[in-house]
>>> print(open('target-v1.cif').read())   # mmCIF, N, CA and C atoms
data_start
#
loop_
_atom_site.label_atom_id
_atom_site.label_comp_id
_atom_site.auth_asym_id
_atom_site.auth_seq_id
_atom_site.Cartn_x
_atom_site.Cartn_y
_atom_site.Cartn_z
N MET A 1 -3.00 -2.00 53.82
CA MET A 1 -1.61 -2.13 54.15
C MET A 1 -0.81 -1.21 53.24
N ALA A 2 0.03 -0.42 53.83
CA ALA A 2 0.84 0.54 53.08
C ALA A 2 2.03 -0.17 52.45
N ARG A 3 2.37 0.23 51.22
CA ARG A 3 3.51 -0.36 50.53
C ARG A 3 4.74 0.48 50.79
N THR A 4 5.86 -0.17 50.83
CA THR A 4 7.13 0.54 50.99
C THR A 4 7.49 1.20 49.67
N SER A 5 8.39 2.16 49.71
CA SER A 5 8.81 2.83 48.49
C SER A 5 9.51 1.86 47.55
N ALA A 6 10.19 0.86 48.06
CA ALA A 6 10.85 -0.15 47.22
C ALA A 6 9.79 -0.97 46.48
N GLN A 7 8.68 -1.30 47.16
CA GLN A 7 7.60 -2.05 46.51
C GLN A 7 6.95 -1.20 45.43
N LYS A 8 6.77 0.07 45.68
CA LYS A 8 6.17 0.97 44.69
C LYS A 8 7.06 1.08 43.46
N ARG A 9 8.38 1.22 43.65
CA ARG A 9 9.31 1.30 42.53
C ARG A 9 9.29 -0.01 41.73
N SER A 10 9.22 -1.12 42.44
CA SER A 10 9.19 -2.43 41.80
C SER A 10 7.94 -2.57 40.94
N MET A 11 6.81 -2.06 41.42
CA MET A 11 5.57 -2.13 40.66
C MET A 11 5.66 -1.27 39.40
N LYS A 12 6.28 -0.10 39.51
CA LYS A 12 6.42 0.78 38.35
C LYS A 12 7.40 0.20 37.34
N ALA A 13 8.41 -0.53 37.81
CA ALA A 13 9.44 -1.06 36.93
C ALA A 13 8.97 -2.29 36.16
N ALA A 14 7.94 -2.95 36.63
CA ALA A 14 7.45 -4.14 35.95
C ALA A 14 6.94 -3.76 34.56
N LYS A 15 7.38 -4.51 33.57
CA LYS A 15 6.98 -4.24 32.19
C LYS A 15 5.53 -4.67 31.99
N PRO A 16 4.73 -3.81 31.39
CA PRO A 16 3.34 -4.19 31.13
C PRO A 16 3.28 -5.36 30.14
N ALA A 17 2.21 -6.10 30.18
CA ALA A 17 2.04 -7.24 29.28
C ALA A 17 1.94 -6.78 27.82
N TYR A 18 1.40 -5.60 27.61
CA TYR A 18 1.21 -5.08 26.24
C TYR A 18 1.93 -3.74 26.13
N VAL A 19 2.95 -3.70 25.30
CA VAL A 19 3.70 -2.47 25.05
C VAL A 19 3.44 -2.08 23.60
N LEU A 20 2.75 -0.99 23.39
CA LEU A 20 2.34 -0.59 22.05
C LEU A 20 3.49 -0.54 21.06
N ASP A 21 4.62 0.03 21.46
CA ASP A 21 5.75 0.19 20.55
C ASP A 21 6.33 -1.14 20.05
N GLU A 22 5.95 -2.24 20.67
CA GLU A 22 6.46 -3.55 20.27
C GLU A 22 5.46 -4.35 19.45
N GLN A 23 4.31 -3.78 19.15
CA GLN A 23 3.25 -4.52 18.46
C GLN A 23 3.36 -4.37 16.95
N ILE A 24 3.18 -5.47 16.24
CA ILE A 24 3.35 -5.49 14.79
C ILE A 24 2.43 -4.49 14.09
N GLY A 25 1.20 -4.40 14.51
CA GLY A 25 0.27 -3.47 13.87
C GLY A 25 0.72 -2.03 14.00
N PHE A 26 1.20 -1.67 15.17
CA PHE A 26 1.68 -0.32 15.41
C PHE A 26 2.93 -0.03 14.58
N ILE A 27 3.84 -0.98 14.55
CA ILE A 27 5.07 -0.82 13.77
C ILE A 27 4.73 -0.72 12.28
N LEU A 28 3.85 -1.58 11.79
CA LEU A 28 3.47 -1.53 10.37
C LEU A 28 2.81 -0.19 10.03
N ARG A 29 1.98 0.32 10.94
CA ARG A 29 1.34 1.63 10.69
C ARG A 29 2.38 2.73 10.59
N GLN A 30 3.39 2.70 11.47
CA GLN A 30 4.44 3.71 11.42
C GLN A 30 5.25 3.60 10.12
N VAL A 31 5.55 2.37 9.72
CA VAL A 31 6.28 2.16 8.47
C VAL A 31 5.43 2.64 7.30
N TRP A 32 4.12 2.33 7.32
CA TRP A 32 3.23 2.78 6.26
C TRP A 32 3.19 4.31 6.20
N GLN A 33 3.13 4.97 7.34
CA GLN A 33 3.11 6.43 7.36
C GLN A 33 4.38 6.99 6.73
N ARG A 34 5.52 6.40 7.03
CA ARG A 34 6.79 6.84 6.44
C ARG A 34 6.77 6.61 4.93
N HIS A 35 6.31 5.43 4.53
CA HIS A 35 6.24 5.10 3.11
C HIS A 35 5.27 6.05 2.38
N ALA A 36 4.13 6.34 2.97
CA ALA A 36 3.14 7.23 2.35
C ALA A 36 3.72 8.63 2.17
N MET A 37 4.51 9.09 3.12
CA MET A 37 5.15 10.39 3.00
C MET A 37 6.15 10.38 1.82
N ILE A 38 6.94 9.33 1.73
CA ILE A 38 7.90 9.20 0.63
C ILE A 38 7.13 9.12 -0.69
N PHE A 39 6.05 8.36 -0.73
CA PHE A 39 5.24 8.22 -1.94
C PHE A 39 4.72 9.58 -2.40
N ALA A 40 4.12 10.32 -1.50
CA ALA A 40 3.55 11.63 -1.85
C ALA A 40 4.61 12.58 -2.38
N ARG A 41 5.79 12.51 -1.81
CA ARG A 41 6.88 13.40 -2.23
C ARG A 41 7.48 12.99 -3.58
N GLU A 42 7.56 11.69 -3.83
CA GLU A 42 8.33 11.20 -4.97
C GLU A 42 7.53 10.74 -6.19
N ILE A 43 6.23 10.49 -6.07
CA ILE A 43 5.50 9.90 -7.20
C ILE A 43 5.54 10.80 -8.43
N GLY A 44 5.62 12.11 -8.23
CA GLY A 44 5.82 13.01 -9.35
C GLY A 44 4.56 13.46 -10.07
N ILE A 45 3.46 12.82 -9.79
CA ILE A 45 2.17 13.20 -10.37
C ILE A 45 1.11 13.07 -9.28
N ASN A 46 -0.03 13.63 -9.52
CA ASN A 46 -1.08 13.65 -8.52
C ASN A 46 -1.82 12.30 -8.50
N LEU A 47 -1.24 11.33 -7.80
CA LEU A 47 -1.85 10.01 -7.65
C LEU A 47 -1.77 9.58 -6.19
N THR A 48 -2.81 8.91 -5.73
CA THR A 48 -2.77 8.29 -4.42
C THR A 48 -2.15 6.91 -4.56
N PRO A 49 -1.73 6.30 -3.45
CA PRO A 49 -1.20 4.93 -3.55
C PRO A 49 -2.20 3.95 -4.16
N THR A 50 -3.49 4.08 -3.86
CA THR A 50 -4.46 3.15 -4.43
C THR A 50 -4.65 3.40 -5.92
N GLN A 51 -4.63 4.67 -6.33
CA GLN A 51 -4.72 4.97 -7.76
C GLN A 51 -3.51 4.42 -8.51
N TRP A 52 -2.32 4.59 -7.91
CA TRP A 52 -1.12 4.05 -8.54
C TRP A 52 -1.20 2.52 -8.63
N ALA A 53 -1.70 1.87 -7.58
CA ALA A 53 -1.82 0.42 -7.61
C ALA A 53 -2.72 -0.03 -8.77
N ALA A 54 -3.83 0.67 -8.96
CA ALA A 54 -4.75 0.30 -10.06
C ALA A 54 -4.09 0.54 -11.42
N LEU A 55 -3.46 1.69 -11.61
CA LEU A 55 -2.78 1.97 -12.88
C LEU A 55 -1.67 0.95 -13.14
N SER A 56 -0.88 0.70 -12.13
CA SER A 56 0.24 -0.23 -12.27
C SER A 56 -0.25 -1.64 -12.62
N LYS A 57 -1.28 -2.10 -11.93
CA LYS A 57 -1.79 -3.45 -12.17
C LYS A 57 -2.42 -3.54 -13.56
N LEU A 58 -3.16 -2.51 -13.98
CA LEU A 58 -3.72 -2.52 -15.34
C LEU A 58 -2.62 -2.51 -16.39
N SER A 59 -1.54 -1.81 -16.11
CA SER A 59 -0.41 -1.79 -17.02
C SER A 59 0.21 -3.19 -17.14
N GLU A 60 0.23 -3.93 -16.03
CA GLU A 60 0.77 -5.30 -16.01
C GLU A 60 -0.15 -6.29 -16.71
N THR A 61 -1.45 -6.21 -16.40
CA THR A 61 -2.38 -7.26 -16.81
C THR A 61 -3.19 -6.94 -18.06
N GLY A 62 -3.33 -5.66 -18.38
CA GLY A 62 -4.26 -5.28 -19.43
C GLY A 62 -5.67 -5.21 -18.86
N SER A 63 -6.63 -5.09 -19.73
CA SER A 63 -8.03 -4.94 -19.31
C SER A 63 -8.48 -6.10 -18.43
N CYS A 64 -9.30 -5.76 -17.45
CA CYS A 64 -9.91 -6.78 -16.60
C CYS A 64 -11.15 -6.18 -15.95
N SER A 65 -11.94 -7.04 -15.34
CA SER A 65 -13.13 -6.54 -14.66
C SER A 65 -12.71 -5.73 -13.44
N GLN A 66 -13.59 -4.82 -13.05
CA GLN A 66 -13.33 -4.01 -11.86
C GLN A 66 -13.21 -4.90 -10.63
N ASN A 67 -14.02 -5.94 -10.57
CA ASN A 67 -13.98 -6.87 -9.44
C ASN A 67 -12.62 -7.57 -9.37
N LEU A 68 -12.14 -8.07 -10.49
CA LEU A 68 -10.83 -8.72 -10.51
C LEU A 68 -9.72 -7.73 -10.16
N LEU A 69 -9.81 -6.52 -10.70
CA LEU A 69 -8.80 -5.51 -10.40
C LEU A 69 -8.77 -5.22 -8.89
N GLY A 70 -9.92 -5.16 -8.28
CA GLY A 70 -9.99 -4.97 -6.82
C GLY A 70 -9.29 -6.09 -6.09
N ARG A 71 -9.53 -7.33 -6.51
CA ARG A 71 -8.86 -8.47 -5.85
C ARG A 71 -7.35 -8.41 -6.08
N LEU A 72 -6.94 -8.08 -7.30
CA LEU A 72 -5.51 -8.05 -7.62
C LEU A 72 -4.76 -6.95 -6.87
N THR A 73 -5.48 -5.90 -6.48
CA THR A 73 -4.85 -4.78 -5.77
C THR A 73 -5.24 -4.73 -4.29
N SER A 74 -5.91 -5.76 -3.83
CA SER A 74 -6.34 -5.87 -2.42
C SER A 74 -7.22 -4.70 -1.98
N MET A 75 -8.16 -4.34 -2.85
CA MET A 75 -9.12 -3.28 -2.51
C MET A 75 -10.53 -3.87 -2.48
N ASP A 76 -11.32 -3.42 -1.52
CA ASP A 76 -12.70 -3.89 -1.48
C ASP A 76 -13.50 -3.24 -2.61
N VAL A 77 -14.73 -3.72 -2.80
CA VAL A 77 -15.57 -3.29 -3.92
C VAL A 77 -15.77 -1.77 -3.94
N ALA A 78 -16.08 -1.20 -2.80
CA ALA A 78 -16.33 0.25 -2.74
C ALA A 78 -15.07 1.05 -3.05
N THR A 79 -13.94 0.60 -2.54
CA THR A 79 -12.69 1.33 -2.75
C THR A 79 -12.28 1.29 -4.21
N ILE A 80 -12.30 0.12 -4.83
CA ILE A 80 -11.86 0.04 -6.23
C ILE A 80 -12.82 0.81 -7.13
N LYS A 81 -14.11 0.82 -6.80
CA LYS A 81 -15.07 1.59 -7.60
C LYS A 81 -14.72 3.07 -7.54
N GLY A 82 -14.45 3.59 -6.35
CA GLY A 82 -14.09 4.99 -6.20
C GLY A 82 -12.80 5.33 -6.92
N VAL A 83 -11.82 4.44 -6.82
CA VAL A 83 -10.53 4.65 -7.50
C VAL A 83 -10.75 4.72 -9.00
N ILE A 84 -11.48 3.77 -9.55
CA ILE A 84 -11.71 3.74 -11.00
C ILE A 84 -12.56 4.94 -11.43
N ASP A 85 -13.55 5.30 -10.66
CA ASP A 85 -14.35 6.49 -10.99
C ASP A 85 -13.46 7.73 -11.09
N ARG A 86 -12.53 7.90 -10.13
CA ARG A 86 -11.65 9.08 -10.15
C ARG A 86 -10.64 9.01 -11.31
N LEU A 87 -10.11 7.82 -11.57
CA LEU A 87 -9.16 7.68 -12.69
C LEU A 87 -9.86 7.90 -14.03
N THR A 88 -11.10 7.43 -14.14
CA THR A 88 -11.87 7.61 -15.37
C THR A 88 -12.20 9.09 -15.57
N ALA A 89 -12.56 9.78 -14.49
CA ALA A 89 -12.85 11.21 -14.57
C ALA A 89 -11.62 11.99 -15.03
N ARG A 90 -10.45 11.50 -14.74
CA ARG A 90 -9.19 12.15 -15.15
C ARG A 90 -8.73 11.69 -16.53
N GLY A 91 -9.49 10.78 -17.14
CA GLY A 91 -9.13 10.30 -18.46
C GLY A 91 -8.00 9.27 -18.48
N LEU A 92 -7.75 8.64 -17.34
CA LEU A 92 -6.65 7.66 -17.26
C LEU A 92 -7.12 6.22 -17.44
N THR A 93 -8.40 5.96 -17.15
CA THR A 93 -8.98 4.64 -17.38
C THR A 93 -10.31 4.83 -18.10
N GLU A 94 -10.77 3.72 -18.67
CA GLU A 94 -12.09 3.72 -19.31
C GLU A 94 -12.71 2.35 -19.09
N THR A 95 -14.02 2.30 -19.20
CA THR A 95 -14.71 1.03 -19.06
C THR A 95 -15.43 0.72 -20.37
N SER A 96 -15.58 -0.56 -20.62
CA SER A 96 -16.30 -1.01 -21.81
C SER A 96 -16.98 -2.33 -21.47
N PRO A 97 -18.05 -2.66 -22.18
CA PRO A 97 -18.76 -3.92 -21.90
C PRO A 97 -17.84 -5.11 -22.16
N ASP A 98 -17.96 -6.12 -21.31
CA ASP A 98 -17.22 -7.37 -21.50
C ASP A 98 -17.92 -8.15 -22.60
N PRO A 99 -17.22 -8.48 -23.69
CA PRO A 99 -17.88 -9.20 -24.79
C PRO A 99 -18.35 -10.60 -24.38
N ASP A 100 -17.78 -11.16 -23.32
CA ASP A 100 -18.17 -12.49 -22.86
C ASP A 100 -19.28 -12.48 -21.82
N ASP A 101 -19.54 -11.31 -21.23
CA ASP A 101 -20.55 -11.20 -20.19
C ASP A 101 -21.07 -9.77 -20.18
N GLY A 102 -22.22 -9.56 -20.77
CA GLY A 102 -22.80 -8.23 -20.91
C GLY A 102 -23.09 -7.54 -19.59
N ARG A 103 -23.12 -8.27 -18.48
CA ARG A 103 -23.40 -7.67 -17.18
C ARG A 103 -22.15 -7.06 -16.57
N ARG A 104 -21.00 -7.36 -17.14
CA ARG A 104 -19.74 -6.94 -16.54
C ARG A 104 -19.06 -5.88 -17.42
N LEU A 105 -18.38 -4.95 -16.74
CA LEU A 105 -17.59 -3.95 -17.44
C LEU A 105 -16.11 -4.29 -17.30
N LEU A 106 -15.38 -4.05 -18.36
CA LEU A 106 -13.93 -4.19 -18.31
C LEU A 106 -13.32 -2.82 -18.09
N VAL A 107 -12.29 -2.77 -17.29
CA VAL A 107 -11.54 -1.54 -17.05
C VAL A 107 -10.23 -1.65 -17.81
N SER A 108 -9.86 -0.58 -18.47
CA SER A 108 -8.57 -0.57 -19.16
C SER A 108 -7.96 0.82 -19.07
N LEU A 109 -6.67 0.87 -19.32
CA LEU A 109 -5.98 2.15 -19.36
C LEU A 109 -6.26 2.86 -20.68
N THR A 110 -6.43 4.15 -20.62
CA THR A 110 -6.46 4.94 -21.83
C THR A 110 -5.01 5.17 -22.26
N ARG A 111 -4.84 5.79 -23.39
CA ARG A 111 -3.48 6.13 -23.82
C ARG A 111 -2.79 7.02 -22.77
N ALA A 112 -3.55 8.00 -22.26
CA ALA A 112 -3.01 8.88 -21.21
C ALA A 112 -2.69 8.08 -19.94
N GLY A 113 -3.52 7.10 -19.62
CA GLY A 113 -3.29 6.26 -18.45
C GLY A 113 -2.03 5.42 -18.60
N GLN A 114 -1.82 4.87 -19.80
CA GLN A 114 -0.62 4.08 -20.05
C GLN A 114 0.62 4.97 -19.96
N GLN A 115 0.53 6.17 -20.53
CA GLN A 115 1.66 7.11 -20.46
C GLN A 115 1.95 7.51 -19.02
N THR A 116 0.91 7.72 -18.24
CA THR A 116 1.07 8.08 -16.83
C THR A 116 1.74 6.93 -16.07
N ALA A 117 1.30 5.71 -16.32
CA ALA A 117 1.90 4.54 -15.65
C ALA A 117 3.37 4.41 -16.02
N GLU A 118 3.68 4.61 -17.28
CA GLU A 118 5.08 4.52 -17.72
C GLU A 118 5.93 5.63 -17.11
N LYS A 119 5.36 6.82 -17.03
CA LYS A 119 6.08 7.96 -16.44
C LYS A 119 6.32 7.77 -14.95
N ALA A 120 5.33 7.20 -14.26
CA ALA A 120 5.41 7.07 -12.80
C ALA A 120 6.22 5.85 -12.35
N ALA A 121 6.38 4.85 -13.20
CA ALA A 121 7.06 3.61 -12.79
C ALA A 121 8.46 3.84 -12.22
N PRO A 122 9.32 4.65 -12.86
CA PRO A 122 10.64 4.88 -12.27
C PRO A 122 10.55 5.55 -10.90
N ASN A 123 9.60 6.47 -10.74
CA ASN A 123 9.40 7.13 -9.45
C ASN A 123 8.95 6.11 -8.40
N ALA A 124 8.07 5.19 -8.80
CA ALA A 124 7.59 4.17 -7.86
C ALA A 124 8.73 3.26 -7.42
N LEU A 125 9.64 2.94 -8.34
CA LEU A 125 10.81 2.15 -7.96
C LEU A 125 11.69 2.91 -6.97
N THR A 126 11.83 4.22 -7.19
CA THR A 126 12.58 5.07 -6.26
C THR A 126 11.93 5.08 -4.89
N ILE A 127 10.62 5.13 -4.85
CA ILE A 127 9.87 5.12 -3.59
C ILE A 127 10.15 3.83 -2.82
N SER A 128 10.08 2.71 -3.50
CA SER A 128 10.37 1.43 -2.83
C SER A 128 11.80 1.39 -2.33
N LYS A 129 12.72 1.87 -3.16
CA LYS A 129 14.13 1.87 -2.77
C LYS A 129 14.35 2.75 -1.54
N GLU A 130 13.75 3.93 -1.53
CA GLU A 130 13.92 4.83 -0.39
C GLU A 130 13.25 4.28 0.88
N THR A 131 12.10 3.67 0.73
CA THR A 131 11.42 3.08 1.88
C THR A 131 12.30 2.02 2.53
N LEU A 132 12.99 1.24 1.72
CA LEU A 132 13.82 0.14 2.22
C LEU A 132 15.27 0.54 2.47
N ALA A 133 15.62 1.81 2.25
CA ALA A 133 17.01 2.28 2.34
C ALA A 133 17.70 1.97 3.67
N PRO A 134 17.01 1.99 4.80
CA PRO A 134 17.72 1.69 6.05
C PRO A 134 18.24 0.24 6.15
N LEU A 135 17.80 -0.63 5.23
CA LEU A 135 18.17 -2.04 5.29
C LEU A 135 19.22 -2.36 4.22
N ASP A 136 20.07 -3.35 4.51
CA ASP A 136 20.99 -3.80 3.47
C ASP A 136 20.24 -4.77 2.55
N ALA A 137 20.88 -5.21 1.47
CA ALA A 137 20.21 -6.02 0.45
C ALA A 137 19.63 -7.31 1.04
N LYS A 138 20.38 -7.99 1.88
CA LYS A 138 19.89 -9.23 2.48
C LYS A 138 18.69 -8.96 3.39
N GLU A 139 18.77 -7.90 4.17
CA GLU A 139 17.65 -7.54 5.05
C GLU A 139 16.40 -7.19 4.24
N ARG A 140 16.58 -6.48 3.12
CA ARG A 140 15.44 -6.14 2.26
C ARG A 140 14.76 -7.40 1.76
N ASP A 141 15.57 -8.34 1.24
CA ASP A 141 15.02 -9.60 0.73
C ASP A 141 14.30 -10.37 1.83
N THR A 142 14.89 -10.41 3.00
CA THR A 142 14.28 -11.12 4.14
C THR A 142 12.97 -10.46 4.54
N LEU A 143 12.97 -9.13 4.64
CA LEU A 143 11.74 -8.41 5.02
C LEU A 143 10.62 -8.68 4.02
N ILE A 144 10.91 -8.56 2.74
CA ILE A 144 9.88 -8.80 1.72
C ILE A 144 9.37 -10.23 1.81
N ALA A 145 10.28 -11.18 1.98
CA ALA A 145 9.87 -12.59 2.09
C ALA A 145 8.99 -12.82 3.32
N LEU A 146 9.38 -12.25 4.45
CA LEU A 146 8.60 -12.44 5.68
C LEU A 146 7.23 -11.77 5.57
N LEU A 147 7.20 -10.54 5.08
CA LEU A 147 5.91 -9.85 4.94
C LEU A 147 5.01 -10.57 3.93
N SER A 148 5.60 -11.13 2.89
CA SER A 148 4.81 -11.88 1.91
C SER A 148 4.16 -13.10 2.55
N ARG A 149 4.84 -13.72 3.49
CA ARG A 149 4.26 -14.87 4.20
C ARG A 149 3.10 -14.46 5.08
N LEU A 150 3.08 -13.20 5.54
CA LEU A 150 2.01 -12.73 6.42
C LEU A 150 0.76 -12.29 5.66
N ARG A 151 0.84 -12.18 4.35
CA ARG A 151 -0.34 -11.72 3.57
C ARG A 151 -1.50 -12.66 3.72
#
>>> encode(input="target-v1.cif", output="structure tokens")
Amino acid sequence: MARTSAQKRSMKAAKPAYVLDEQIGFILRQVWQRHAMIFAREIGINLTPTQWAALSKLSETGSCSQNLLGRLTSMDVATIKGVIDRLTARGLTETSPDPDDGRRLLVSLTRAGQQTAEKAAPNALTISKETLAPLDAKERDTLIALLSRLR
């Protein structure tokens, strides 16, 4: 049975059940891409977001095991190992035996790593501010609160 042109237009006008531009994962990926671009431009030193997360967290907490650092920065075992290997190769972190457990290594910032974290912190604050710039203060607080609930 042939459809009329009105039926064909009606079929085309019907909204699909799944619209990519309206999906949270797609929106978060686009926001992440924008944030990553701002990060690369503004961090001021040659660091990736994961490297910055490790340096920043070590600056906050002090020495800790690589496993704990991975959990604190939401990185899996392989990712945190690679991050620490690269930071150690650059002289920004070092490992030492855990005095309480000889099987475990502690990761800590070197003097250069602490200086790098201190130097980059104002830039990181600028990155967060610029990422959230399209929102007013109340919207920023609401967004952070809502995203924190989704973790």
>>> closest_residue(input="target-v1.cif", among="A:Leu87, A:Lys129, A:Ser59, A:Arg34", to="A:Ala117", atoms="all atoms listed in the file")
A:Ser59
>>> atom_distance(input="target-v1.cif", atom1="atom CA of A:Glu118", atom2="atom CA of A:Asp85")
20.7 Å
>>> resolve_selection(input="target-v1.cif", expression="the PyMOL selection byres (((chain A and resi 79 and name CA) around 12) and name CA)", output="number ranges by chain")
A: 50-51, 53-54, 66-67, 69-71, 73-78, 80-86
>>> residues_near_point(input="target-v1.cif", point="(-17.3, -5.7, -17.8)", cutoff="12 Å", atoms="only C-alpha atoms", output="JSON, numbers by chain")
{"A": [63, 64, 65, 66, 67, 68, 69, 94, 95, 96, 97, 98, 99, 100, 101, 102, 103, 104, 105, 106, 107, 108]}
>>> write_last_selection(input="target-v1.cif", atoms="N, CA and C atoms", output="PDB file, in the frame of the given file")
ATOM      1  N   SER A  63      -6.630  -5.090 -19.730  1.00  0.00           N
ATOM      2  CA  SER A  63      -8.030  -4.940 -19.310  1.00  0.00           C
ATOM      3  C   SER A  63      -8.480  -6.100 -18.430  1.00  0.00           C
ATOM      4  N   CYS A  64      -9.300  -5.760 -17.450  1.00  0.00           N
ATOM      5  CA  CYS A  64      -9.910  -6.780 -16.600  1.00  0.00           C
ATOM      6  C   CYS A  64     -11.150  -6.180 -15.950  1.00  0.00           C
ATOM      7  N   SER A  65     -11.940  -7.040 -15.340  1.00  0.00           N
ATOM      8  CA  SER A  65     -13.130  -6.540 -14.660  1.00  0.00           C
ATOM      9  C   SER A  65     -12.710  -5.730 -13.440  1.00  0.00           C
ATOM     10  N   GLN A  66     -13.590  -4.820 -13.050  1.00  0.00           N
ATOM     11  CA  GLN A  66     -13.330  -4.010 -11.860  1.00  0.00           C
ATOM     12  C   GLN A  66     -13.210  -4.900 -10.630  1.00  0.00           C
ATOM     13  N   ASN A  67     -14.020  -5.940 -10.570  1.00  0.00           N
ATOM     14  CA  ASN A  67     -13.980  -6.870  -9.440  1.00  0.00           C
ATOM     15  C   ASN A  67     -12.620  -7.570  -9.370  1.00  0.00           C
ATOM     16  N   LEU A  68     -12.140  -8.070 -10.490  1.00  0.00           N
ATOM     17  CA  LEU A  68     -10.830  -8.720 -10.510  1.00  0.00           C
ATOM     18  C   LEU A  68      -9.720  -7.730 -10.160  1.00  0.00           C
ATOM     19  N   LEU A  69      -9.810  -6.520 -10.700  1.00  0.00           N
ATOM     20  CA  LEU A  69      -8.800  -5.510 -10.400  1.00  0.00           C
ATOM     21  C   LEU A  69      -8.770  -5.220  -8.890  1.00  0.00           C
ATOM     22  N   GLU A  94     -10.770   3.720 -18.670  1.00  0.00           N
ATOM     23  CA  GLU A  94     -12.090   3.720 -19.310  1.00  0.00           C
ATOM     24  C   GLU A  94     -12.710   2.350 -19.090  1.00  0.00           C
ATOM     25  N   THR A  95     -14.020   2.300 -19.200  1.00  0.00           N
ATOM     26  CA  THR A  95     -14.710   1.030 -19.060  1.00  0.00           C
ATOM     27  C   THR A  95     -15.430   0.720 -20.370  1.00  0.00           C
ATOM     28  N   SER A  96     -15.580  -0.560 -20.620  1.00  0.00           N
ATOM     29  CA  SER A  96     -16.300  -1.010 -21.810  1.00  0.00           C
ATOM     30  C   SER A  96     -16.980  -2.330 -21.470  1.00  0.00           C
ATOM     31  N   PRO A  97     -18.050  -2.660 -22.180  1.00  0.00           N
ATOM     32  CA  PRO A  97     -18.760  -3.920 -21.900  1.00  0.00           C
ATOM     33  C   PRO A  97     -17.840  -5.110 -22.160  1.00  0.00           C
ATOM     34  N   ASP A  98     -17.960  -6.120 -21.310  1.00  0.00           N
ATOM     35  CA  ASP A  98     -17.220  -7.370 -21.500  1.00  0.00           C
ATOM     36  C   ASP A  98     -17.920  -8.150 -22.600  1.00  0.00           C
ATOM     37  N   PRO A  99     -17.220  -8.480 -23.690  1.00  0.00           N
ATOM     38  CA  PRO A  99     -17.880  -9.200 -24.790  1.00  0.00           C
ATOM     39  C   PRO A  99     -18.350 -10.600 -24.380  1.00  0.00           C
ATOM     40  N   ASP A 100     -17.780 -11.160 -23.320  1.00  0.00           N
ATOM     41  CA  ASP A 100     -18.170 -12.490 -22.860  1.00  0.00           C
ATOM     42  C   ASP A 100     -19.280 -12.480 -21.820  1.00  0.00           C
ATOM     43  N   ASP A 101     -19.540 -11.310 -21.230  1.00  0.00           N
ATOM     44  CA  ASP A 101     -20.550 -11.200 -20.190  1.00  0.00           C
ATOM     45  C   ASP A 101     -21.070  -9.770 -20.180  1.00  0.00           C
ATOM     46  N   GLY A 102     -22.220  -9.560 -20.770  1.00  0.00           N
ATOM     47  CA  GLY A 102     -22.800  -8.230 -20.910  1.00  0.00           C
ATOM     48  C   GLY A 102     -23.090  -7.540 -19.590  1.00  0.00           C
ATOM     49  N   ARG A 103     -23.120  -8.270 -18.480  1.00  0.00           N
ATOM     50  CA  ARG A 103     -23.400  -7.670 -17.180  1.00  0.00           C
ATOM     51  C   ARG A 103     -22.150  -7.060 -16.570  1.00  0.00           C
ATOM     52  N   ARG A 104     -21.000  -7.360 -17.140  1.00  0.00           N
ATOM     53  CA  ARG A 104     -19.740  -6.940 -16.540  1.00  0.00           C
ATOM     54  C   ARG A 104     -19.060  -5.880 -17.420  1.00  0.00           C
ATOM     55  N   LEU A 105     -18.380  -4.950 -16.740  1.00  0.00           N
ATOM     56  CA  LEU A 105     -17.590  -3.950 -17.440  1.00  0.00           C
ATOM     57  C   LEU A 105     -16.110  -4.290 -17.300  1.00  0.00           C
ATOM     58  N   LEU A 106     -15.380  -4.050 -18.360  1.00  0.00           N
ATOM     59  CA  LEU A 106     -13.930  -4.190 -18.310  1.00  0.00           C
ATOM     60  C   LEU A 106     -13.320  -2.820 -18.090  1.00  0.00           C
ATOM     61  N   VAL A 107     -12.290  -2.770 -17.290  1.00  0.00           N
ATOM     62  CA  VAL A 107     -11.540  -1.540 -17.050  1.00  0.00           C
ATOM     63  C   VAL A 107     -10.230  -1.650 -17.810  1.00  0.00           C
ATOM     64  N   SER A 108      -9.860  -0.580 -18.470  1.00  0.00           N
ATOM     65  CA  SER A 108      -8.570  -0.570 -19.160  1.00  0.00           C
ATOM     66  C   SER A 108      -7.960   0.820 -19.070  1.00  0.00           C
TER      67      SER A 108
END
>>> closest_residue(input="target-v1.cif", among="A:Leu150, A:Leu55, A:Ile27, A:Leu132", to="A:Thr116", atoms="all atoms listed in the file")
A:Leu55
>>> closest_residue(input="target-v1.cif", among="A:Ala89, A:Leu47, A:Leu20, A:Leu109", to="A:Gly62", atoms="only N, CA and C atoms")
A:Leu109
